[in-house]
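For reference, my_file13.txt (compact mmCIF, C-alpha atoms):
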```txt
# COMPACT_ATOMS: atom_id res chain seq x y z
CA MET D 1 0.00 0.00 0.00
CA PRO D 2 1.27 3.55 -0.71
CA SER D 3 2.41 5.65 2.24
CA PRO D 4 -0.04 8.08 3.89
CA ALA D 5 1.78 10.98 2.21
CA GLU D 6 1.46 9.37 -1.23
CA ILE D 7 -2.20 8.55 -0.60
CA ALA D 8 -2.82 12.18 0.39
CA ARG D 9 -1.14 13.39 -2.80
CA LEU D 10 -3.26 11.08 -4.95
CA ALA D 11 -6.47 11.97 -3.09
CA ALA D 12 -5.94 15.69 -3.70
CA LYS D 13 -6.74 15.08 -7.38
CA ALA D 14 -10.34 14.38 -6.36
CA ARG D 15 -10.97 17.83 -4.95
CA ARG D 16 -12.46 19.06 -8.22
CA ALA D 17 -13.27 15.84 -10.04
CA ILE D 18 -15.41 12.77 -9.41
CA PRO D 19 -12.83 9.95 -9.38
CA GLU D 20 -12.97 7.31 -12.09
CA GLY D 21 -15.11 4.34 -11.13
CA VAL D 22 -17.13 6.28 -8.55
CA VAL D 23 -20.90 6.10 -9.06
CA GLU D 24 -23.38 8.93 -8.44
CA SER D 25 -26.98 7.75 -8.24
CA PHE D 26 -30.26 8.24 -6.40
CA TRP D 27 -31.99 6.38 -3.60
CA THR D 28 -35.62 6.65 -2.51
CA GLY D 29 -36.15 6.73 1.25
CA PRO D 30 -39.20 6.39 3.50
CA SER D 31 -39.66 10.08 4.34
CA GLY D 32 -40.89 11.37 1.00
CA PRO D 33 -41.05 10.83 -2.76
CA GLU D 34 -38.02 12.98 -3.55
CA PRO D 35 -35.07 10.70 -4.42
CA LEU D 36 -31.90 11.31 -2.43
CA ARG D 37 -28.56 11.59 -4.15
CA ARG D 38 -25.76 9.21 -3.16
CA ILE D 39 -22.17 8.56 -4.18
CA ASP D 40 -20.33 5.24 -3.89
CA TRP D 41 -16.71 4.22 -4.21
CA PRO D 42 -16.19 0.56 -5.19
CA ALA D 43 -15.24 -1.93 -2.53
CA HIS D 44 -11.82 -2.67 -3.99
CA ALA D 45 -9.09 -0.05 -4.32
CA ALA D 46 -6.32 -0.60 -6.85
CA GLY D 47 -3.57 -2.81 -5.50
CA LEU D 48 -5.61 -4.13 -2.56
CA PRO D 49 -6.79 -7.76 -2.49
CA GLN D 50 -10.00 -7.00 -0.58
CA ALA D 51 -11.83 -4.12 1.03
CA ARG D 52 -10.72 -2.97 4.46
CA GLY D 53 -14.38 -2.44 5.31
CA SER D 54 -16.96 0.23 4.49
CA ILE D 55 -17.42 3.86 5.54
CA LEU D 56 -20.64 5.86 5.29
CA PHE D 57 -19.99 9.61 5.55
CA LEU D 58 -22.75 12.02 6.58
CA PRO D 59 -22.23 15.71 5.68
CA GLY D 60 -23.38 18.71 7.66
CA ARG D 61 -26.12 21.31 7.34
CA GLY D 62 -26.18 22.93 3.92
CA ASP D 63 -23.43 20.56 2.75
CA SER D 64 -22.99 18.46 -0.34
CA TYR D 65 -20.63 15.55 -0.74
CA GLU D 66 -18.64 17.42 -3.41
CA LYS D 67 -16.75 19.42 -0.79
CA TRP D 68 -15.60 16.21 0.95
CA LEU D 69 -14.37 14.34 -2.14
CA GLU D 70 -10.70 14.59 -1.20
CA THR D 71 -11.24 12.96 2.18
CA LEU D 72 -13.60 10.32 0.83
CA GLU D 73 -11.09 9.42 -1.87
CA GLN D 74 -8.32 9.27 0.73
CA TRP D 75 -10.25 6.73 2.79
CA HIS D 76 -10.91 4.70 -0.35
CA LEU D 77 -7.23 4.67 -1.24
CA GLU D 78 -6.59 3.34 2.26
CA GLY D 79 -8.75 0.34 1.38
CA TRP D 80 -12.28 1.31 2.37
CA ALA D 81 -15.46 1.11 0.34
CA VAL D 82 -16.90 4.60 0.81
CA SER D 83 -20.38 6.07 0.42
CA SER D 84 -22.08 9.37 1.16
CA ILE D 85 -25.63 10.61 0.76
CA ASP D 86 -27.45 13.95 0.70
CA TRP D 87 -29.79 14.81 3.51
CA ARG D 88 -33.35 15.16 2.31
CA GLY D 89 -34.07 18.83 1.60
CA GLN D 90 -30.55 19.96 0.72
CA ALA D 91 -27.91 19.67 -2.02
CA LEU D 92 -29.58 17.93 -5.00
CA SER D 93 -32.18 16.12 -2.91
CA GLY D 94 -35.03 18.61 -2.90
CA ARG D 95 -36.06 21.39 -0.52
CA PHE D 96 -38.49 21.68 2.40
CA GLY D 97 -38.68 25.48 2.45
CA PHE D 98 -40.39 27.91 0.13
CA ASP D 99 -37.12 28.87 -1.58
CA ALA D 100 -34.00 27.06 -2.74
CA ALA D 101 -31.64 28.97 -0.46
CA THR D 102 -33.09 28.41 3.01
CA GLY D 103 -32.38 25.16 4.82
CA HIS D 104 -35.53 23.89 6.50
CA VAL D 105 -36.79 20.57 7.88
CA PRO D 106 -40.13 19.81 9.53
CA ASP D 107 -38.39 17.58 12.09
CA PHE D 108 -35.03 15.84 12.49
CA ASP D 109 -36.98 12.56 12.72
CA VAL D 110 -37.25 12.75 8.91
CA TRP D 111 -33.49 12.46 8.60
CA ILE D 112 -33.21 9.77 11.27
CA GLU D 113 -35.72 7.57 9.45
CA ASP D 114 -33.98 8.10 6.11
CA LEU D 115 -30.63 7.23 7.67
CA ALA D 116 -32.00 4.11 9.35
CA ALA D 117 -33.49 2.84 6.09
CA PHE D 118 -30.40 3.66 4.05
CA TRP D 119 -28.12 2.02 6.62
CA ARG D 120 -30.05 -1.25 6.51
CA GLY D 121 -29.60 -1.65 2.78
CA TRP D 122 -26.09 -0.21 2.69
CA ALA D 123 -24.73 -2.39 5.51
CA ALA D 124 -26.26 -5.50 3.94
CA ASP D 125 -24.63 -4.69 0.61
CA LYS D 126 -21.20 -3.44 1.70
CA PRO D 127 -18.36 -5.47 3.23
CA GLY D 128 -17.78 -5.07 6.97
CA PRO D 129 -16.70 -3.81 9.32
CA HIS D 130 -19.09 -0.88 8.90
CA VAL D 131 -18.05 2.60 10.01
CA LEU D 132 -20.27 5.66 10.34
CA ILE D 133 -18.59 9.09 10.12
CA GLY D 134 -20.52 12.33 10.49
CA HIS D 135 -19.58 16.00 10.30
CA SER D 136 -21.39 18.74 12.26
CA MET D 137 -25.15 18.17 11.81
CA GLY D 138 -24.26 14.82 10.25
CA GLY D 139 -22.35 13.96 13.41
CA HIS D 140 -25.32 14.89 15.55
CA LEU D 141 -27.66 12.73 13.48
CA ALA D 142 -25.20 9.82 13.44
CA LEU D 143 -24.89 9.87 17.23
CA ARG D 144 -28.65 10.23 17.71
CA ALA D 145 -29.36 7.33 15.32
CA VAL D 146 -26.90 5.16 17.25
CA ALA D 147 -28.28 6.24 20.64
CA GLN D 148 -31.84 5.45 19.52
CA GLY D 149 -30.86 2.03 18.17
CA LYS D 150 -31.63 2.94 14.56
CA VAL D 151 -28.16 2.02 13.26
CA ARG D 152 -25.38 -0.14 14.68
CA PRO D 153 -21.94 0.61 13.20
CA ASP D 154 -18.79 -1.14 14.38
CA SER D 155 -17.19 2.25 15.00
CA LEU D 156 -18.45 5.83 15.05
CA VAL D 157 -16.42 8.95 14.19
CA LEU D 158 -17.83 12.44 14.84
CA SER D 159 -16.09 15.49 13.39
CA ALA D 160 -17.13 18.76 15.08
CA PRO D 161 -20.53 17.23 15.91
CA MET D 162 -23.43 19.60 16.46
CA LEU D 163 -24.15 18.66 20.07
CA GLY D 164 -24.79 22.26 21.05
CA ILE D 165 -24.98 25.62 19.28
CA HIS D 166 -23.99 29.17 20.12
CA PRO D 167 -24.18 31.02 22.41
CA ALA D 168 -22.58 28.00 24.08
CA TRP D 169 -22.82 29.49 27.57
CA LEU D 170 -26.63 29.36 27.49
CA PRO D 171 -28.39 26.03 28.28
CA ALA D 172 -29.97 24.27 25.31
CA GLY D 173 -33.31 24.30 27.13
CA LEU D 174 -33.32 28.10 27.31
CA LEU D 175 -32.17 28.46 23.70
CA HIS D 176 -34.92 26.05 22.64
CA THR D 177 -37.58 28.06 24.44
CA VAL D 178 -36.43 31.26 22.73
CA ALA D 179 -36.19 29.60 19.30
CA ARG D 180 -39.64 28.04 19.69
CA GLY D 181 -41.09 31.45 20.47
CA ILE D 182 -39.42 33.14 17.50
CA ALA D 183 -40.32 30.31 15.11
CA GLY D 184 -43.95 30.62 16.22
CA LEU D 185 -44.15 34.33 15.39
CA GLY D 186 -44.48 33.64 11.66
CA ASP D 187 -43.75 31.06 9.01
CA SER D 188 -41.14 28.76 10.54
CA ARG D 189 -39.60 28.29 7.09
CA ARG D 190 -38.35 31.89 7.00
CA PRO D 191 -34.55 32.31 7.13
CA ALA D 192 -33.02 32.97 10.53
CA TRP D 193 -30.29 35.23 9.10
CA LYS D 194 -29.33 36.77 5.79
CA HIS D 195 -25.75 35.76 5.15
CA SER D 196 -22.87 33.61 6.38
CA GLU D 197 -23.22 30.49 8.51
CA LYS D 198 -24.74 32.05 11.61
CA PRO D 199 -26.34 35.30 12.81
CA GLU D 200 -23.74 37.81 13.99
CA LEU D 201 -23.89 41.41 15.17
CA LEU D 202 -20.60 41.93 13.31
CA PRO D 203 -20.48 39.80 10.13
CA GLN D 204 -17.53 37.44 9.76
CA ALA D 205 -16.10 36.02 6.58
CA ARG D 206 -17.57 32.55 6.13
CA SER D 207 -14.14 31.08 5.56
CA HIS D 208 -13.03 32.31 8.99
CA LEU D 209 -15.61 29.98 10.51
CA LEU D 210 -14.77 26.91 8.45
CA THR D 211 -11.09 26.46 7.56
CA HIS D 212 -7.70 28.14 7.39
CA ASP D 213 -7.04 26.51 4.01
CA LYS D 214 -8.05 28.98 1.29
CA GLY D 215 -7.62 26.43 -1.48
CA ARG D 216 -9.88 23.86 0.11
CA TYR D 217 -12.40 26.55 0.97
CA SER D 218 -12.51 27.65 -2.68
CA ASP D 219 -13.26 24.09 -3.80
CA GLU D 220 -16.82 24.48 -2.55
CA ASP D 221 -17.40 27.59 -4.67
CA TRP D 222 -15.85 25.82 -7.68
CA TRP D 223 -18.43 23.03 -7.36
CA ARG D 224 -21.29 25.44 -6.74
CA GLN D 225 -20.51 27.25 -9.99
CA ARG D 226 -20.67 23.96 -11.89
CA ARG D 227 -23.56 22.44 -9.92
CA PRO D 228 -25.53 25.48 -8.68
CA GLY D 229 -28.32 23.33 -7.30
CA ILE D 230 -26.14 22.12 -4.43
CA ALA D 231 -25.89 25.61 -2.91
CA MET D 232 -27.75 26.40 0.31
CA GLY D 233 -27.73 29.48 2.51
CA PRO D 234 -29.11 30.18 5.99
CA ALA D 235 -31.16 27.85 8.14
CA SER D 236 -34.79 28.55 8.90
CA TRP D 237 -36.09 29.36 12.35
CA GLY D 238 -37.89 26.04 12.17
CA TRP D 239 -34.59 24.26 11.58
CA ILE D 240 -33.05 26.00 14.60
CA GLU D 241 -35.98 25.07 16.83
CA ARG D 242 -35.94 21.43 15.66
CA ALA D 243 -32.15 21.26 16.00
CA LEU D 244 -32.36 22.36 19.61
CA ALA D 245 -35.16 19.89 20.29
CA SER D 246 -32.95 17.11 18.90
CA ILE D 247 -29.96 18.31 20.91
CA ARG D 248 -32.07 18.13 24.07
CA LEU D 249 -32.95 14.51 23.28
CA LEU D 250 -29.26 13.62 23.45
CA GLU D 251 -28.83 15.65 26.63
CA ALA D 252 -31.44 13.56 28.46
CA ARG D 253 -30.04 11.47 31.28
CA GLY D 254 -28.97 7.97 30.29
CA VAL D 255 -29.10 8.47 26.51
CA LEU D 256 -25.40 8.81 25.74
CA GLU D 257 -24.43 6.63 28.67
CA ALA D 258 -26.10 3.71 26.88
CA VAL D 259 -24.01 4.02 23.69
CA ASP D 260 -21.84 0.92 23.98
CA LEU D 261 -19.68 1.15 20.86
CA PRO D 262 -16.35 2.92 20.25
CA VAL D 263 -16.69 6.61 19.42
CA LEU D 264 -13.99 9.05 18.29
CA LEU D 265 -14.79 12.75 18.60
CA LEU D 266 -12.77 15.40 16.77
CA ALA D 267 -13.35 18.96 17.92
CA THR D 268 -11.80 22.39 18.13
CA ARG D 269 -12.03 24.44 21.30
CA TYR D 270 -12.66 27.64 19.32
CA ASP D 271 -15.36 26.36 16.97
CA GLY D 272 -17.51 29.26 15.82
CA LEU D 273 -20.47 27.11 14.79
CA VAL D 274 -20.94 24.33 17.33
CA SER D 275 -20.42 24.19 21.07
CA TRP D 276 -17.07 22.89 22.31
CA PRO D 277 -18.39 22.58 25.92
CA ALA D 278 -21.26 20.40 24.66
CA ILE D 279 -18.84 18.12 22.81
CA ARG D 280 -16.65 17.85 25.88
CA ARG D 281 -19.66 16.94 28.03
CA ALA D 282 -20.72 14.28 25.54
CA PHE D 283 -17.23 12.80 25.55
CA ARG D 284 -17.41 12.42 29.32
CA ARG D 285 -20.79 10.72 29.12
CA LEU D 286 -20.00 8.23 26.34
CA PRO D 287 -18.61 5.02 27.89
CA ARG D 288 -16.16 4.15 25.09
CA ALA D 289 -15.27 7.56 23.70
CA GLU D 290 -11.97 9.08 22.67
CA LEU D 291 -11.46 12.81 22.04
CA LEU D 292 -8.95 14.62 19.83
CA ALA D 293 -9.14 18.34 20.62
CA PHE D 294 -7.61 21.10 18.52
CA GLY D 295 -6.91 24.71 19.38
CA HIS D 296 -6.67 27.77 17.13
CA GLU D 297 -5.02 25.67 14.40
CA ALA D 298 -8.39 24.20 13.39
CA ARG D 299 -11.75 25.69 12.56
CA HIS D 300 -15.07 23.92 12.15
CA GLU D 301 -14.28 21.83 9.06
CA ILE D 302 -11.39 19.87 10.53
CA LEU D 303 -11.28 17.41 7.61
CA ARG D 304 -10.89 20.36 5.20
CA GLU D 305 -8.29 22.18 7.25
CA ALA D 306 -4.72 23.05 6.35
CA ASP D 307 -2.52 19.96 6.11
CA PRO D 308 -0.97 19.94 9.61
CA ALA D 309 -4.34 19.83 11.40
CA ARG D 310 -6.07 17.72 8.75
CA ASP D 311 -3.26 15.17 8.64
CA ARG D 312 -3.38 14.87 12.43
CA ALA D 313 -7.13 14.28 12.33
CA LEU D 314 -6.92 11.67 9.58
CA ALA D 315 -4.06 9.89 11.37
CA ALA D 316 -6.20 9.75 14.52
CA ILE D 317 -9.12 8.30 12.54
CA ARG D 318 -6.82 5.77 10.90
CA ASP D 319 -5.43 4.63 14.24
CA PHE D 320 -8.89 4.50 15.82
CA LEU D 321 -10.32 2.36 13.01
CA ASN D 322 -7.30 0.08 13.03
CA ARG D 323 -8.09 -0.66 16.69
CA THR D 324 -11.88 -0.70 16.66
CA ALA D 325 -13.05 -1.70 13.16
CA ARG D 326 -11.08 -4.84 12.45
CA VAL D 327 -12.16 -7.54 10.04
CA ARG D 328 -13.56 -10.45 12.00
CA GLY D 329 -11.80 -13.68 11.16
```

Would you put the structure from the file into C-alpha cells?
Amino acid sequence: MPSPAEIARLAAKARRAIPEGVVESFWTGPSGPEPLRRIDWPAHAAGLPQARGSILFLPGRGDSYEKWLETLEQWHLEGWAVSSIDWRGQALSGRFGFDAATGHVPDFDVWIEDLAAFWRGWAADKPGPHVLIGHSMGGHLALRAVAQGKVRPDSLVLSAPMLGIHPAWLPAGLLHTVARGIAGLGDSRRPAWKHSEKPELLPQARSHLLTHDKGRYSDEDWWRQRRPGIAMGPASWGWIERALASIRLLEARGVLEAVDLPVLLLATRYDGLVSWPAIRRAFRRLPRAELLAFGHEARHEILREADPARDRALAAIRDFLNRTARVRG
C-alpha cells in the first residue's frame, strides 16, 4: 500500500473531479417521494486484495458531498469502500422550504428515518466492518441514530458534531424556548439570518468559521458554480428550533451513557459554529469515547483544514479504526 503521504497526494486530485469508477446515483427513502442523491466508491481499491471495510460519511447542514471528495477518496485509497448521501431537503435532494436557499426541515426525525433505512440496505450490501462518520449536523444525526438504536456501526467517528450551538454558555433548554417562540411568530420556514453560517452582530467572513485553508475553501465555490443546485444558505427558524429539540434529546439522562460502541470525537475548542463545551460533556458521558481536541489551528471543518491539522485528524481516525473496526476472522 502507498504511504499516507502518497495517498494524500493522490487523493488531492479528487478535490475538483469525481474519481474514475465512482458512481453517483439516487436512492428513494421512507420520508418522501423525492429521491436522495448518493455517491459510492467501489469496494476494492487498486492494489488491494480485498476491502478494508466500508465507511458511510454524513455531511453537515447545507453541505454536499462534493466538498468532501478529497477525504472520501483518501479513505478509499486506504482500502475502504466509501459512500455518502445527501440529507433530504438539501444539495440535489429537494427542498423543504419555500425557496432554494433556506435550509428547513419539519423535524429531524425525517433524517433519522432516512438514515435508518439507508443504513439497513447499505450495511447489507457493503463489506464489513461498517463505520459511520458524520460531520457537524451529520455527526449529531449519526450519534442520535446510534443512541436510539436505529443504526449499529462497528465504529463511530464524529467530526465537530453539532451537540450544542452558540451562544454556548446558554443552556440548550433556554435556547430552545427562545427559538420556539421566535419560530412561532411567523412562518417557521423563514430564514433565521441573511448571510454567512450564523447570525452575527458583526459579520464574519464565512471562511473564517470553516477552515484556514483557502484552497480547500474555494473548492466548494468551484463546485457550486458547476452544480448550482447544491448551494444552500441560511437555516430557517424552524430548523433551529428542531435542532435544539434534537440536541435536548441527546442531553437527556442515560441516553449517551447507553451508547456501547467505540466513538472518536474530533473537535476544536474555538469552533464558531458548534459548542465545544457540549462536545466535551458528551465525551465524558459516552462510555467508550476518545477525544482529539484542537486549538486555534483548526476551525469547524477539521477534515478540510490546512494539512498539519487535517493530517493529524486523519491519522487519529486511521489509528482508531485500526483498533476498533477490524475484520472479524

Under the rule that all atoms listed in the file are counted, which of D:Asp63, D:Glu305, D:Glu241, D:Glu34 is the nearest residue to His135 of chain D?
D:Asp63

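Among the candidates D:Ile55, D:Ala325, D:Ile112, D:Leu36, the residue lying nearest to Ile85 of chain D is D:Leu36 (atoms considered: only C-alpha atoms).
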
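Compared by their closest atoms to Ser275 of chain D, and using all atoms listed in the file, the residues D:His140, D:Arg16, D:Arg216, D:Arg37 rank with D:His140 nearest.
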
Can you tell me, as a PyMOL selection string, what residues are no more than 12 Å from Pro167 of chain D when counting only C-alpha atoms, ignoring any on the same chain fewer than 5 positions away?
chain D and resi 172+174-176+198-200+271-278

Could you jot down the atom CA of Ala91 of chain D to atom CA of Gly103 of chain D separation for me, Å, one decimal place?
9.8 Å

For a quick check of understanding, using all atoms listed in the file, which of D:Asp311, D:Leu10, D:His44, D:Leu266 has the smallest distance to Ala293 of chain D?
D:Leu266
